[in-house]
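K.L.:
I'd like to ask some things about the structure below.
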Amino acid sequence: MNHVQRAEGLTLTSIQKSFGAYRALADVNLDVGEGQLVTLLGPSGSGKTTLLNIIAGFQYADAGIVSLAGADISHVAPAKRDIGMVFQNYALFPHMSVAENVAFPLEMRTIARAEIKTRVHEALTLVALENHADRLPRQLSGGQQQRVALARAFVFQPKLMLLDEPLGALDRKLREQIQLEIRRLQQRLGLTTVFVTHDQEEALILSDQIAVMNHGKIQQLGSPVDIYARPANRFVAEFIGESSLFDATPLAGNTARIGEGLTVVHGGGAQAWNALMVRPERVRPAADADGLANVFEGRVGEVVYLGESIRLRVDVSKDISFLARWQTHELPGVPAPGETMRIGFRSEDVQLLGEGS
Amino acid sequence: MTPSRTTGRSPALNLFLVIWCALVFGFLMAPLLIVFPISFSSASYLQFPPPGWSLRWYQAYLSDYAWMDATWRSVKVALATTVLSTVLGTMLAFSLVRGRYPGRAALGQVANTPLLVPTIIYSVAVYGLFAQMRLIGQWWGIVLAHTVLAIPYVTIMVSAALKTVDPRLEQAAIGLGASRLTAIRRVTLPIIRPAIISAMFLAFISSFDELVVAMFLGGVNMTLPKKMFDNIVNEIDPTIAAVSVLQILLVCVCLLLAKRFGMGGQKIGV
Amino acid sequence: MRRGLFSLNLSRKTWSGIGGAVPPILYITLLFLLPVLIFLGGAFDDTPRHLVRSVSDPLYQRVLIDTLMLGLYVTGICFILGYPLAYALSVMPPRWALVGFAFLLLPFWTSLLVRTYAWMVLLGRNGVINNLLMGLGLIDTPVSFLNNMSGVLIGMVHVLLPYMVFPLFDVMKRVDGSLLSAAEGLGAPGWKIFLRVYLPLTLPGILAGSVLVFVLSIGFYITPALLGGGRVATMALMIERQVREFLDWDFAAALSLVLLICTLLVSIGLGRLLRGKEIHG
């Protein structure tokens, strides 16, 4: 692939990395535009660890080019890369106060004392910790420590900010709050950012673009909407969100066989495919089902009541079941397990999928 | 603390433990306490209880050239040993804990062998070597040998502290623009400073008190322990009690300093 | 939990960081391993006669056995004195434990010569203890503690007791109190809890402390030399005498080799056992 190098932002070209016989990264290409936030999303072992280490400079790629703001930094030492990093457990220096932690990268760049002082104050104000400047990290809550780590990472106006699962240690509520804070700050400062996570929800909330990784490759790069609605392959479809996913054999016309006597009408589109999927919210209940391209009758299996919605499984044959999610207020009542029920979905709701690479 | 265990003990067991501790601590402290009254005795030979009180033995110690000479030599040897062993031991600890090369465990074992080999064997061995090199009687010859004995202490203590420091802190510092040395100097060393200070005290005392090596290598130039040894063997006059009191006070000061600036009392044990 | 992304790759074998080990290892090699090996090499001379003599001469057999017995006695006494002490320290309120540790550390750090001298003052024929006992009318003539085994034992136990207590305390501190409560809850009587639960749990500490004390005691020089008054013969004293009095370096090397082998057998052998029993990882 031919990548045009942009003046700003991060460009990865044909990055390869192996550990002995194990291929950690196989030809990774990625563009992060200036001011964009791109998430590297994938299960552990997918290669996002290695990729981040290569961007940061803690490991060197076997082949390929890392360029940042137009310059090739593939062989530049980590200290000279000008990348602001937020580590998984924050890696705040325990013997330094909050202000000293934030001042550290500025001191390393031999900036005048007075300027360090103002910039530290500005950074701490941005993360609403200006009143905690003299505390030690251990005197702060998890969320506050997280914000100090963030301030330390952007205070020196790095060309790139890298965040390594920075929210893993926080509880759910705090996580959501800080996710939004990070996004707001990143946009306000216009920071080019790479964010690593294995949490798909976090990726959907935060990102301009998501790079879904598996087996050392980027399986799909796209906006959250793209990734969710039009997964490029089976791995992405399974990794992001819930779906009813079946092995499928193409038949004549826009139809496919998914099981004994069961065919599905789809909207076409994909080249080579051997599976298809339907998102649960696309599956409609009986009343709306008539007139849709695909209608099935089945028996209600599991029903999970979630308050504003219900989530249920409808078994249409011995091994074919559909997942559906409906708003409770749209339904006359909650279906009971064992009930017979008709469901349906449009042909456009069917996504054809090939194998991931 | 575990209250369950405290409540589970019978009063008889508690009483036994209190008495036992009192007896053992009495046994441990008795020799330290006994030298105090003797050092202030006015009698010119060992007599207990002392017939009267005086400071003559302290005067005797401070005005005797041989005692002073031995004392200063020991201080000099111990200080040099402290510096040398702290530097080498800390380097080794960093390499063993942070290095990523095969055979690190074996190397650690090699570095600890001086603890395993009885001092008398090492003393004789190093005496043989130094005699050939005409190093007997040189104060720095003793430093060289004492450093061998002190390195394991430093390495063990610094390694233990280093293992508790997240290596990502150093990496974070490097990522934020520090060189590797700056990262160690500004981040890692300050965090493990208490352990290093404790190790330095241990190295100092281990050298300052060491007799067997110094006995072989010192020749006619005696260290303080050698002078005390000779004094005990030849003539027991209470000067040595005064020296003992001063040494005990030195240890107290070292312990308090180590507690204040080092890792606290409990961990400087072994 | 997975490791952080920025961490070093631990599976990667490199030579990174070996540079720092070079000066200290070189130092230890040149100033420790080299002289010790040269010295011990003397034992092999041309013929193995020194080695044969060191293990077959009844005199040195006697000394070796005495040395090992001394080590056993010292270890046993240290264990008996140290086990309850370590237990008490491990369950004391922290403030008291700190005081206890001060009592343990102060003698531990105090010069060996100071302590040996003090024991001579206490144990001598006209020493404090004999004076006290006679003053109380418990004895008529002074008991001789010095220049025999009892003095050496007292002095060595005093020196080595902390080496027993520290590892014991370490292990006892980590014993999970709820295990004992559980045993109690299951109806086990106190002595049974001790034998079946507490003792096995603290066994690693017992072994570690015992190995340390035993190994140190069989190589001991100063205390037997001063408190034994030349009447207690240990391997360390014999080695010194061979070199200083008889200038017989090669035979000293043979005796050293015997002593070293005993030391290594105990520390490595029991070290193995210890690793097998290690519960706390």
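Scheme for the structure tokens: letters A, B, ... for chains in order shown; per-chain residue numbers from 1; ligand numbers from 1 in order shown.
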As a list in words, please: the residues near B:Arg186 (cut-off 12 Å, only C-alpha atoms, same-chain neighbours under 5 positions excluded).
P.N.:
Phe93, Pro94, His95, Met96, Glu100, Asn101, Phe104, Pro105, Glu107 and Met108 of chain A; Leu169, Glu170, Ala172, Ala173, Ile174, Ala178, Ser179, Arg180, Leu181, Ile191, Ile192 and Arg193 of chain B
K.L.:
Generate a file of the selected residues that holds N, CA and C atoms, formatted as an mmCIF file, in the first residue's frame.
P.N.:
data_model
loop_
_atom_site.group_PDB
_atom_site.id
_atom_site.type_symbol
_atom_site.label_atom_id
_atom_site.label_comp_id
_atom_site.auth_asym_id
_atom_site.auth_seq_id
_atom_site.Cartn_x
_atom_site.Cartn_y
_atom_site.Cartn_z
ATOM 1 N N PHE A 93 5.362 9.426 39.682
ATOM 2 C CA PHE A 93 6.542 9.269 40.538
ATOM 3 C C PHE A 93 6.116 9.468 41.992
ATOM 4 N N PRO A 94 6.224 8.403 42.807
ATOM 5 C CA PRO A 94 5.618 8.456 44.140
ATOM 6 C C PRO A 94 6.285 9.453 45.082
ATOM 7 N N HIS A 95 7.564 9.794 44.801
ATOM 8 C CA HIS A 95 8.278 10.673 45.722
ATOM 9 C C HIS A 95 8.178 12.133 45.321
ATOM 10 N N MET A 96 7.447 12.408 44.237
ATOM 11 C CA MET A 96 7.307 13.799 43.798
ATOM 12 C C MET A 96 5.862 14.242 43.987
ATOM 13 N N GLU A 100 5.407 18.579 40.904
ATOM 14 C CA GLU A 100 6.724 18.114 40.458
ATOM 15 C C GLU A 100 6.594 17.054 39.363
ATOM 16 N N ASN A 101 5.579 16.208 39.502
ATOM 17 C CA ASN A 101 5.324 15.213 38.461
ATOM 18 C C ASN A 101 5.044 15.901 37.127
ATOM 19 N N PHE A 104 8.035 17.572 35.529
ATOM 20 C CA PHE A 104 9.154 16.718 35.113
ATOM 21 C C PHE A 104 9.496 16.798 33.615
ATOM 22 N N PRO A 105 8.519 16.593 32.720
ATOM 23 C CA PRO A 105 8.863 16.647 31.292
ATOM 24 C C PRO A 105 9.354 18.027 30.869
ATOM 25 N N GLU A 107 11.111 20.108 32.832
ATOM 26 C CA GLU A 107 12.496 20.197 33.302
ATOM 27 C C GLU A 107 13.450 19.469 32.362
ATOM 28 N N MET A 108 12.991 18.323 31.871
ATOM 29 C CA MET A 108 13.833 17.542 30.961
ATOM 30 C C MET A 108 14.090 18.314 29.665
ATOM 31 N N LEU B 169 8.029 3.181 35.936
ATOM 32 C CA LEU B 169 8.307 4.549 36.364
ATOM 33 C C LEU B 169 9.511 5.082 35.607
ATOM 34 N N GLU B 170 10.549 4.243 35.513
ATOM 35 C CA GLU B 170 11.737 4.640 34.775
ATOM 36 C C GLU B 170 11.385 4.859 33.303
ATOM 37 N N ALA B 172 8.492 5.623 32.100
ATOM 38 C CA ALA B 172 7.685 6.835 31.984
ATOM 39 C C ALA B 172 8.605 8.044 31.928
ATOM 40 N N ALA B 173 9.612 8.069 32.804
ATOM 41 C CA ALA B 173 10.539 9.194 32.825
ATOM 42 C C ALA B 173 11.253 9.323 31.479
ATOM 43 N N ILE B 174 11.654 8.184 30.920
ATOM 44 C CA ILE B 174 12.333 8.219 29.627
ATOM 45 C C ILE B 174 11.377 8.725 28.551
ATOM 46 N N ALA B 178 13.510 12.078 29.650
ATOM 47 C CA ALA B 178 14.728 11.926 30.431
ATOM 48 C C ALA B 178 15.649 10.898 29.772
ATOM 49 N N SER B 179 16.953 11.090 29.943
ATOM 50 C CA SER B 179 17.874 10.050 29.501
ATOM 51 C C SER B 179 17.812 8.918 30.515
ATOM 52 N N ARG B 180 18.411 7.774 30.151
ATOM 53 C CA ARG B 180 18.326 6.627 31.051
ATOM 54 C C ARG B 180 18.951 6.946 32.414
ATOM 55 N N LEU B 181 20.121 7.600 32.384
ATOM 56 C CA LEU B 181 20.789 7.933 33.636
ATOM 57 C C LEU B 181 19.981 8.931 34.457
ATOM 58 N N ILE B 191 13.603 6.837 45.122
ATOM 59 C CA ILE B 191 12.614 5.930 45.708
ATOM 60 C C ILE B 191 13.299 4.876 46.575
ATOM 61 N N ILE B 192 14.473 4.400 46.142
ATOM 62 C CA ILE B 192 15.133 3.358 46.940
ATOM 63 C C ILE B 192 16.180 3.935 47.889
ATOM 64 N N ARG B 193 16.200 5.254 48.035
ATOM 65 C CA ARG B 193 17.225 5.861 48.898
ATOM 66 C C ARG B 193 17.235 5.291 50.317
#
K.L.:
Residues at most 10 Å from B:Phe130, counting only C-alpha atoms, excluding those fewer than 2 positions away in the same chain, as a PyMOL selection string?
P.N.:
(chain B and resi 124-128+132-138+141-142+145+216-217) or (chain C and resi 31+35)
K.L.:
If you count only C-alpha atoms, which residues fall within 9 Å of A:His132, apart from same-chain ones fewer than 4 positions away, as a list in words?
P.N.:
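Neighbouring residues, sequence-local ones excluded: Ser97, Val98, Ala99, Leu124, Ala128, Leu136 and Leu140 of chain A.
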K.L.:
Go ahead and save the picked residues with C-alpha atoms, as an mmCIF file, in the first residue's frame.
P.N.:
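Saved to part-v7.cif:
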data_model
loop_
_atom_site.group_PDB
_atom_site.id
_atom_site.type_symbol
_atom_site.label_atom_id
_atom_site.label_comp_id
_atom_site.auth_asym_id
_atom_site.auth_seq_id
_atom_site.Cartn_x
_atom_site.Cartn_y
_atom_site.Cartn_z
ATOM 1 C CA SER A 97 4.348 16.076 44.431
ATOM 2 C CA VAL A 98 1.639 16.527 41.813
ATOM 3 C CA ALA A 99 3.274 19.732 40.580
ATOM 4 C CA LEU A 124 -3.381 21.435 36.505
ATOM 5 C CA ALA A 128 -9.192 20.818 37.815
ATOM 6 C CA LEU A 136 1.771 13.383 46.833
ATOM 7 C CA LEU A 140 -5.098 11.380 45.674
#
K.L.:
Counting only C-alpha atoms, a student should be able to say which residues of chain A come within 9 Å of chain B; what is the right answer, written as an NGL selection string?
P.N.:
:A and (56-58 or 78-87 or 90-96 or 104-109 or 152-153 or 156)
K.L.:
Store the residues picked out above, limited to N, CA, C and O atoms, as an mmCIF file, in the first residue's frame.
P.N.:
data_model
loop_
_atom_site.group_PDB
_atom_site.id
_atom_site.type_symbol
_atom_site.label_atom_id
_atom_site.label_comp_id
_atom_site.auth_asym_id
_atom_site.auth_seq_id
_atom_site.Cartn_x
_atom_site.Cartn_y
_atom_site.Cartn_z
ATOM 1 N N ALA A 56 5.974 4.303 20.780
ATOM 2 C CA ALA A 56 6.636 5.019 21.874
ATOM 3 C C ALA A 56 8.155 4.937 21.767
ATOM 4 O O ALA A 56 8.857 5.790 22.284
ATOM 5 N N GLY A 57 8.664 3.890 21.112
ATOM 6 C CA GLY A 57 10.102 3.743 20.971
ATOM 7 C C GLY A 57 10.708 2.785 21.968
ATOM 8 O O GLY A 57 11.925 2.624 22.015
ATOM 9 N N PHE A 58 9.883 2.116 22.775
ATOM 10 C CA PHE A 58 10.427 1.155 23.739
ATOM 11 C C PHE A 58 10.784 -0.160 23.060
ATOM 12 O O PHE A 58 11.492 -0.976 23.614
ATOM 13 N N PRO A 78 13.296 6.920 22.598
ATOM 14 C CA PRO A 78 12.002 7.314 23.151
ATOM 15 C C PRO A 78 12.010 8.712 23.775
ATOM 16 O O PRO A 78 11.032 9.446 23.660
ATOM 17 N N ALA A 79 13.130 9.058 24.420
ATOM 18 C CA ALA A 79 13.181 10.353 25.098
ATOM 19 C C ALA A 79 13.109 11.517 24.123
ATOM 20 O O ALA A 79 12.755 12.632 24.481
ATOM 21 N N LYS A 80 13.463 11.261 22.859
ATOM 22 C CA LYS A 80 13.520 12.355 21.885
ATOM 23 C C LYS A 80 12.297 12.378 20.973
ATOM 24 O O LYS A 80 12.268 13.105 19.988
ATOM 25 N N ARG A 81 11.299 11.561 21.258
ATOM 26 C CA ARG A 81 10.193 11.452 20.319
ATOM 27 C C ARG A 81 9.109 12.497 20.539
ATOM 28 O O ARG A 81 8.241 12.673 19.694
ATOM 29 N N ASP A 82 9.124 13.119 21.731
ATOM 30 C CA ASP A 82 8.109 14.119 22.007
ATOM 31 C C ASP A 82 6.711 13.508 22.007
ATOM 32 O O ASP A 82 5.800 14.008 21.340
ATOM 33 N N ILE A 83 6.575 12.427 22.730
ATOM 34 C CA ILE A 83 5.274 11.775 22.835
ATOM 35 C C ILE A 83 4.854 11.797 24.298
ATOM 36 O O ILE A 83 5.640 11.437 25.187
ATOM 37 N N GLY A 84 3.647 12.244 24.565
ATOM 38 C CA GLY A 84 3.155 12.257 25.938
ATOM 39 C C GLY A 84 2.437 10.956 26.222
ATOM 40 O O GLY A 84 1.573 10.548 25.462
ATOM 41 N N MET A 85 2.858 10.287 27.316
ATOM 42 C CA MET A 85 2.285 8.965 27.556
ATOM 43 C C MET A 85 1.531 8.891 28.870
ATOM 44 O O MET A 85 1.968 9.425 29.881
ATOM 45 N N VAL A 86 0.413 8.204 28.846
ATOM 46 C CA VAL A 86 -0.310 7.902 30.077
ATOM 47 C C VAL A 86 -0.295 6.398 30.225
ATOM 48 O O VAL A 86 -0.740 5.675 29.341
ATOM 49 N N PHE A 87 0.269 5.944 31.348
ATOM 50 C CA PHE A 87 0.455 4.506 31.532
ATOM 51 C C PHE A 87 -0.746 3.887 32.223
ATOM 52 O O PHE A 87 -1.536 4.557 32.874
ATOM 53 N N TYR A 90 -0.774 4.601 35.664
ATOM 54 C CA TYR A 90 -0.399 6.024 35.741
ATOM 55 C C TYR A 90 1.096 6.264 35.804
ATOM 56 O O TYR A 90 1.579 7.245 35.282
ATOM 57 N N ALA A 91 1.852 5.359 36.506
ATOM 58 C CA ALA A 91 3.295 5.539 36.647
ATOM 59 C C ALA A 91 3.643 6.941 37.137
ATOM 60 O O ALA A 91 4.565 7.577 36.656
ATOM 61 N N LEU A 92 2.883 7.427 38.119
ATOM 62 C CA LEU A 92 3.249 8.718 38.729
ATOM 63 C C LEU A 92 4.444 8.472 39.638
ATOM 64 O O LEU A 92 4.533 7.440 40.290
ATOM 65 N N PHE A 93 5.362 9.426 39.682
ATOM 66 C CA PHE A 93 6.542 9.269 40.538
ATOM 67 C C PHE A 93 6.116 9.468 41.992
ATOM 68 O O PHE A 93 5.695 10.553 42.369
ATOM 69 N N PRO A 94 6.224 8.403 42.807
ATOM 70 C CA PRO A 94 5.618 8.456 44.140
ATOM 71 C C PRO A 94 6.285 9.453 45.082
ATOM 72 O O PRO A 94 5.683 9.902 46.039
ATOM 73 N N HIS A 95 7.564 9.794 44.801
ATOM 74 C CA HIS A 95 8.278 10.673 45.722
ATOM 75 C C HIS A 95 8.178 12.133 45.321
ATOM 76 O O HIS A 95 8.765 12.989 45.952
ATOM 77 N N MET A 96 7.447 12.408 44.237
ATOM 78 C CA MET A 96 7.307 13.799 43.798
ATOM 79 C C MET A 96 5.862 14.242 43.987
ATOM 80 O O MET A 96 4.934 13.449 43.823
ATOM 81 N N PHE A 104 8.035 17.572 35.529
ATOM 82 C CA PHE A 104 9.154 16.718 35.113
ATOM 83 C C PHE A 104 9.496 16.798 33.615
ATOM 84 O O PHE A 104 10.640 17.071 33.245
ATOM 85 N N PRO A 105 8.519 16.593 32.720
ATOM 86 C CA PRO A 105 8.863 16.647 31.292
ATOM 87 C C PRO A 105 9.354 18.027 30.869
ATOM 88 O O PRO A 105 10.172 18.142 29.955
ATOM 89 N N LEU A 106 8.891 19.070 31.543
ATOM 90 C CA LEU A 106 9.349 20.420 31.193
ATOM 91 C C LEU A 106 10.794 20.613 31.631
ATOM 92 O O LEU A 106 11.610 21.180 30.904
ATOM 93 N N GLU A 107 11.111 20.108 32.832
ATOM 94 C CA GLU A 107 12.496 20.197 33.302
ATOM 95 C C GLU A 107 13.450 19.469 32.362
ATOM 96 O O GLU A 107 14.556 19.928 32.101
ATOM 97 N N MET A 108 12.991 18.323 31.871
ATOM 98 C CA MET A 108 13.833 17.542 30.961
ATOM 99 C C MET A 108 14.090 18.314 29.665
ATOM 100 O O MET A 108 15.013 18.011 28.936
ATOM 101 N N ARG A 109 13.231 19.272 29.398
ATOM 102 C CA ARG A 109 13.413 20.070 28.182
ATOM 103 C C ARG A 109 14.059 21.407 28.503
ATOM 104 O O ARG A 109 14.002 22.329 27.691
ATOM 105 N N ARG A 152 0.478 15.509 33.035
ATOM 106 C CA ARG A 152 1.902 15.312 32.817
ATOM 107 C C ARG A 152 2.172 14.958 31.349
ATOM 108 O O ARG A 152 3.224 15.269 30.802
ATOM 109 N N ALA A 153 1.212 14.284 30.735
ATOM 110 C CA ALA A 153 1.414 13.852 29.355
ATOM 111 C C ALA A 153 1.214 14.967 28.340
ATOM 112 O O ALA A 153 1.814 14.954 27.283
ATOM 113 N N PHE A 156 3.768 19.343 28.037
ATOM 114 C CA PHE A 156 4.891 19.812 27.202
ATOM 115 C C PHE A 156 4.499 19.889 25.730
ATOM 116 O O PHE A 156 5.362 19.927 24.866
#
K.L.:
Could you make a table, as CSV, of the residues of chain B that have an atom within 7 Å of an atom of chain C, each with its nearest atom pair and distance in Å to one decimal, counting only C-alpha atoms, in chain and number order?
P.N.:
residue,atom,partner,partner_atom,distance
B:Thr2,CA,C:Gly177,CA,6.0
B:Ser4,CA,C:Gly177,CA,6.5
B:Arg5,CA,C:Gly177,CA,5.9
B:Thr6,CA,C:Val91,CA,6.8
B:Leu17,CA,C:Ala88,CA,6.3
B:Cys21,CA,C:Leu85,CA,5.7
B:Val24,CA,C:Leu81,CA,6.9
B:Phe25,CA,C:Phe103,CA,6.3
B:Leu28,CA,C:His158,CA,6.3
B:Met29,CA,C:Pro107,CA,6.7
B:Pro31,CA,C:Ala118,CA,4.9
B:Leu32,CA,C:Arg115,CA,6.8
B:Ile34,CA,C:Ala118,CA,6.8
B:Val35,CA,C:Ala118,CA,6.2
B:Phe48,CA,C:Val128,CA,6.2
B:Leu88,CA,C:Pro24,CA,5.1
B:Gly89,CA,C:Pro24,CA,6.8
B:Met91,CA,C:Gly20,CA,5.3
B:Leu92,CA,C:Ala21,CA,4.8
B:Ser95,CA,C:Gly17,CA,5.2
B:Arg98,CA,C:Gly17,CA,6.7
B:Gly99,CA,C:Gly17,CA,4.1
B:Arg100,CA,C:Ser16,CA,5.4
B:Tyr101,CA,C:Trp15,CA,4.5
B:Pro102,CA,C:Lys13,CA,6.8
B:Ala111,CA,C:Ile25,CA,6.8
B:Val117,CA,C:Leu260,CA,6.6
B:Pro118,CA,C:Gly219,CA,4.8
B:Ile120,CA,C:Ala236,CA,6.1
B:Ile121,CA,C:Ser256,CA,6.1
B:Tyr122,CA,C:Val36,CA,6.2
B:Ala125,CA,C:Val36,CA,5.1
B:Val126,CA,C:Pro35,CA,5.5
B:Leu129,CA,C:Pro35,CA,6.0
B:Ala145,CA,C:Leu31,CA,6.9
B:Val148,CA,C:Ile28,CA,6.2
B:Arg168,CA,C:Ser7,CA,6.1
B:Asp209,CA,C:Ser111,CA,5.2
B:Pro225,CA,C:Leu113,CA,6.7
B:Met228,CA,C:Leu113,CA,6.8
B:Phe229,CA,C:Leu113,CA,6.8
B:Ile232,CA,C:Tyr117,CA,6.7
B:Ser244,CA,C:Val114,CA,5.2
B:Ile248,CA,C:Thr110,CA,5.9
B:Val251,CA,C:Thr110,CA,6.3
B:Cys252,CA,C:Leu106,CA,6.9
B:Gln266,CA,C:Phe101,CA,6.5
B:Gly269,CA,C:Leu105,CA,6.7
